[in-house]
Every structure is written in C-alpha cells, then in structure tokens.
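*Asks:* I'd like to ask some things about the structure below.
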Amino acid sequence: MILAPILFFIFSMPLIIAALKDASSMTIPNWISLVLIAGFILTVPFTWQGFPELGTHLAVGSVFFLAGFAMFAFGWLGGGDAKLMAATALWLTWPDALNFIVYTAMFGGALALFLLVGRQFIPVRLMTMQWMLTMFRDETKMPYGLAIAAGGMCTFPNSAIFQAAIGL
C-alpha cells in the first residue's frame with residue numbers, strides 16, 4: 001500500500017513544479033517533462049500490467065506528443081506545454097486520456113476566464129508579485145501548464161496505473 005503515495009508523489013511533483021514555473025515565467029523547462037517520463041519508466045515494473053498495457057501507455061503518449069506538436073506548429077500551445085502534455089499522457093490509458101482532456105479543458109477555460117477578468121480589472125500597480133506581473137501583463141500568452149497540471153492530477157487517482165498500484 002505504500003506504493004500508491006510514492007507513485008502519486010512521483011507523478012504530481014513535476015506537474016506542480018511545471019505549474020509554478022509556468023505561472024512565474026511563462027516557460028516550462030524540458031527537464032520537468034524528462035523527470036515525468038523517467039518517473040514513468042521507473043514505476044512501470046512496480047505497476048506491471050503486461051506488454052499490451054505498456055503499449056497502450058506508449059501509444060497514448062505518442063498521440064499526445066503528435067497532437068501537441070501540431071498545436072505548437074499552429075501557435076495554439078507553447079512548446080513546453082506540448083511536451084508536458086505528452087509526458088503526462090504517457091502515464092495514461094485511452095479512457096484516462098479522455099478524462100485528462102476533459103479536466104484539462106475545464107481548467108484551461110477557467111484559467112482563460114481568470115486571466116481575461118484579471119487583465120481587465122486588476123490595475124498593474126496592485127500587482128506586487130512577479131508571477132502576477134508575468135501572468136497578467138502579457139495579453140498574448142496563457143500559462144497553460146497550470147491547466148495541464150491540474151488536469152493530470154485530477155485524472156491520475158482514477159487512472160489504470162494508479163489503480164494497479166493500489167491493487168484494484
């Protein structure tokens with residue numbers, strides 16, 4: 001039973017760091033996505049469900065990588081966001097991926113509304129912290145890593161890999 005909290009920590013800490021980094025600098029360093037991928041590789045033997053399940057994880061991660069690459073090419077998503085999305089999706093199966101998309105879209109919509117309202121009504125002189133200046137001043141960017149992290153963390157407790165860790 002000790003595996004589940006360790007697994008959640010390994011999955012969630014890179015996402016939390018990515019969200020904080022994206023909120024404060026509008027960038028997500030590559031090492032965060034690499035840590036998330038390495039965490040997956042290290043935990044697979046402890047949650048082994050067979051080669052077909054591993055293939056599913058690799059397929060989901062690959063599809064999300066390609067989708068993220070396309071969204072980046074069209075300018076809809078930043079490069080760090082695309083890599084974080086793919087690294088997060090690697091931990092998921094197809095049903096989990098649908099939940100991840102829904103949660104991420106919901107959090108992304110809430111974030112967009114928050115930024116629209118904040119950029120309209122919060123005077124710059126009241127923004128005393130650097131993250132506030134970064135997030136609210138640039139009206140062309142949105143730290144979507146926050147939505148990806150929140151979507152991933154809401155999806156993970158019901159994911160196949162986490163359920164395998166707790167023995168269900």
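Identifiers in the structure tokens: chain A, B, ... in order shown; residue index from 1 per chain; ligand index from 1 in order shown.
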Please provide the set of residues having any atom within 10 Å of Gln163 of chain A, restricted to only C-alpha atoms, with same-chain residues fewer than 6 positions apart removed, written as a list of chain:residue names.

*Replies:*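 Selected residues are A:Ala4, A:Thr47, A:Phe156, A:Pro157.
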
*Asks:* Could those selected residues go to a file with N, CA and C atoms, as a compact mmCIF listing (two decimals), in the first residue's frame?

*Replies:*
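As a result, out.txt now contains:
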# COMPACT_ATOMS: atom_id res chain seq x y z
N ALA A 4 1.25 3.49 -3.55
CA ALA A 4 0.32 4.50 -4.08
C ALA A 4 0.76 5.93 -3.73
N THR A 47 4.17 -1.48 -11.22
CA THR A 47 2.74 -1.49 -11.55
C THR A 47 2.49 -2.31 -12.82
N PHE A 156 -5.24 11.38 -12.48
CA PHE A 156 -4.35 10.32 -12.02
C PHE A 156 -4.93 9.37 -10.97
N PRO A 157 -5.63 9.85 -9.94
CA PRO A 157 -6.13 8.90 -8.92
C PRO A 157 -7.06 7.81 -9.46

*Asks:* Restricting the calculation to only C-alpha atoms: of A:Val117, A:Ala89, A:Leu77, A:Ala160, which residue gets closest to Val63 of chain A?

*Replies:*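 Comparing A:Val117, A:Ala89, A:Leu77, A:Ala160 against Val63 of chain A, the winner is A:Ala89.
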
*Asks:* Identify which of the residues A:Phe69, A:Trp76, A:Trp91, A:Tyr144 lies closest to Phe40 of chain A, counting only C-alpha atoms when measuring atom-to-atom distances.

*Replies:*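 The answer is A:Trp91, which sits nearest to Phe40 of chain A.
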
*Asks:* Using only C-alpha atoms, find the one residue out of A:Gly109, A:Pro95, A:Gly55, A:Pro29 that sits nearest to Asn158 of chain A.

*Replies:*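 Checking each of A:Gly109, A:Pro95, A:Gly55, A:Pro29 against Asn158 of chain A, counting only C-alpha atoms, the winner is A:Pro95.
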
*Asks:* May I have the residues within 7 Å of His57 of chain A as a PyMOL selection string, using only C-alpha atoms and disregarding those fewer than 4 positions away in the same chain?

*Replies:* chain A and resi 53+61+90-93

*Asks:* Which residues come within 12 Å of Pro143 of chain A, counting only C-alpha atoms, excluding same-chain residues fewer than 5 positions away, as a PyMOL selection string?

*Replies:* chain A and resi 18-28+76-82+107-109+111-112+114-115+131-132+134-136+138+148-149

*Asks:* Restrict the selected residues to N, CA and C atoms and save them as a CSV table (one decimal), in the first residue's frame.

*Replies:*
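The result, stored in again-v2.csv:
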chain,number,residue,atom,x,y,z
A,18,ALA,N,6.1,22.3,-12.7
A,18,ALA,CA,5.8,22.9,-14.0
A,18,ALA,C,4.8,24.0,-13.9
A,19,ALA,N,3.7,23.8,-13.1
A,19,ALA,CA,2.7,24.8,-13.0
A,19,ALA,C,3.3,26.1,-12.3
A,20,LEU,N,4.1,25.9,-11.3
A,20,LEU,CA,4.7,27.1,-10.7
A,20,LEU,C,5.6,27.8,-11.6
A,21,LYS,N,6.4,27.1,-12.3
A,21,LYS,CA,7.4,27.7,-13.3
A,21,LYS,C,6.6,28.4,-14.4
A,22,ASP,N,5.6,27.8,-14.9
A,22,ASP,CA,4.8,28.4,-16.0
A,22,ASP,C,4.1,29.7,-15.5
A,23,ALA,N,3.6,29.6,-14.3
A,23,ALA,CA,2.9,30.8,-13.8
A,23,ALA,C,3.9,32.0,-13.6
A,24,SER,N,5.1,31.7,-13.2
A,24,SER,CA,6.0,32.7,-12.8
A,24,SER,C,6.9,33.2,-14.0
A,25,SER,N,7.1,32.3,-15.1
A,25,SER,CA,7.9,32.7,-16.1
A,25,SER,C,7.4,32.5,-17.5
A,26,MET,N,6.2,31.9,-17.6
A,26,MET,CA,5.6,31.5,-18.9
A,26,MET,C,6.5,30.5,-19.7
A,27,THR,N,7.3,29.7,-19.0
A,27,THR,CA,8.1,28.7,-19.6
A,27,THR,C,8.0,27.4,-18.8
A,28,ILE,N,8.2,26.3,-19.4
A,28,ILE,CA,8.3,25.0,-18.7
A,28,ILE,C,9.6,24.4,-19.2
A,76,TRP,N,-1.0,27.4,-31.2
A,76,TRP,CA,-2.1,27.3,-30.2
A,76,TRP,C,-1.6,26.9,-28.8
A,77,LEU,N,-0.3,26.4,-28.7
A,77,LEU,CA,0.2,25.9,-27.5
A,77,LEU,C,1.7,26.1,-27.5
A,78,GLY,N,2.3,26.4,-26.4
A,78,GLY,CA,3.7,26.6,-26.3
A,78,GLY,C,4.4,25.2,-26.3
A,79,GLY,N,5.7,25.3,-26.7
A,79,GLY,CA,6.5,24.0,-26.8
A,79,GLY,C,6.6,23.3,-25.4
A,80,GLY,N,6.8,24.0,-24.4
A,80,GLY,CA,6.9,23.4,-23.0
A,80,GLY,C,5.5,22.7,-22.7
A,81,ASP,N,4.4,23.4,-23.0
A,81,ASP,CA,3.1,22.9,-22.7
A,81,ASP,C,2.9,21.6,-23.5
A,82,ALA,N,3.3,21.6,-24.8
A,82,ALA,CA,3.1,20.4,-25.6
A,82,ALA,C,3.9,19.2,-25.0
A,107,PHE,N,-10.1,23.2,-16.8
A,107,PHE,CA,-9.2,24.1,-16.0
A,107,PHE,C,-8.7,25.1,-17.0
A,108,GLY,N,-8.4,24.8,-18.2
A,108,GLY,CA,-8.0,25.8,-19.2
A,108,GLY,C,-9.0,26.9,-19.4
A,109,GLY,N,-10.3,26.5,-19.5
A,109,GLY,CA,-11.3,27.5,-19.6
A,109,GLY,C,-11.4,28.4,-18.4
A,111,LEU,N,-9.0,29.0,-16.3
A,111,LEU,CA,-7.8,29.9,-16.4
A,111,LEU,C,-7.9,31.0,-17.3
A,112,ALA,N,-8.5,30.8,-18.5
A,112,ALA,CA,-8.7,31.8,-19.5
A,112,ALA,C,-9.6,32.9,-19.0
A,114,PHE,N,-10.2,33.6,-15.8
A,114,PHE,CA,-9.5,34.3,-14.7
A,114,PHE,C,-8.5,35.3,-15.3
A,115,LEU,N,-7.8,34.9,-16.4
A,115,LEU,CA,-6.8,35.9,-17.0
A,115,LEU,C,-7.6,37.0,-17.7
A,131,TRP,N,5.0,36.9,-10.3
A,131,TRP,CA,4.2,36.0,-11.0
A,131,TRP,C,2.9,36.7,-11.5
A,132,MET,N,2.4,37.6,-10.7
A,132,MET,CA,1.2,38.4,-11.1
A,132,MET,C,1.5,39.3,-12.4
A,134,THR,N,3.9,38.8,-14.5
A,134,THR,CA,4.1,37.9,-15.7
A,134,THR,C,2.8,37.4,-16.3
A,135,MET,N,1.9,36.9,-15.4
A,135,MET,CA,0.7,36.3,-15.9
A,135,MET,C,-0.3,37.3,-16.5
A,136,PHE,N,-0.4,38.5,-15.9
A,136,PHE,CA,-1.4,39.4,-16.3
A,136,PHE,C,-1.0,40.5,-17.2
A,138,ASP,N,1.3,40.2,-20.0
A,138,ASP,CA,1.3,39.8,-21.4
A,138,ASP,C,0.0,39.2,-21.8
A,148,ILE,N,-2.8,21.9,-17.6
A,148,ILE,CA,-2.3,20.6,-17.8
A,148,ILE,C,-2.0,19.9,-16.5
A,149,ALA,N,-1.3,20.6,-15.6
A,149,ALA,CA,-1.0,20.0,-14.3
A,149,ALA,C,-2.3,19.7,-13.5
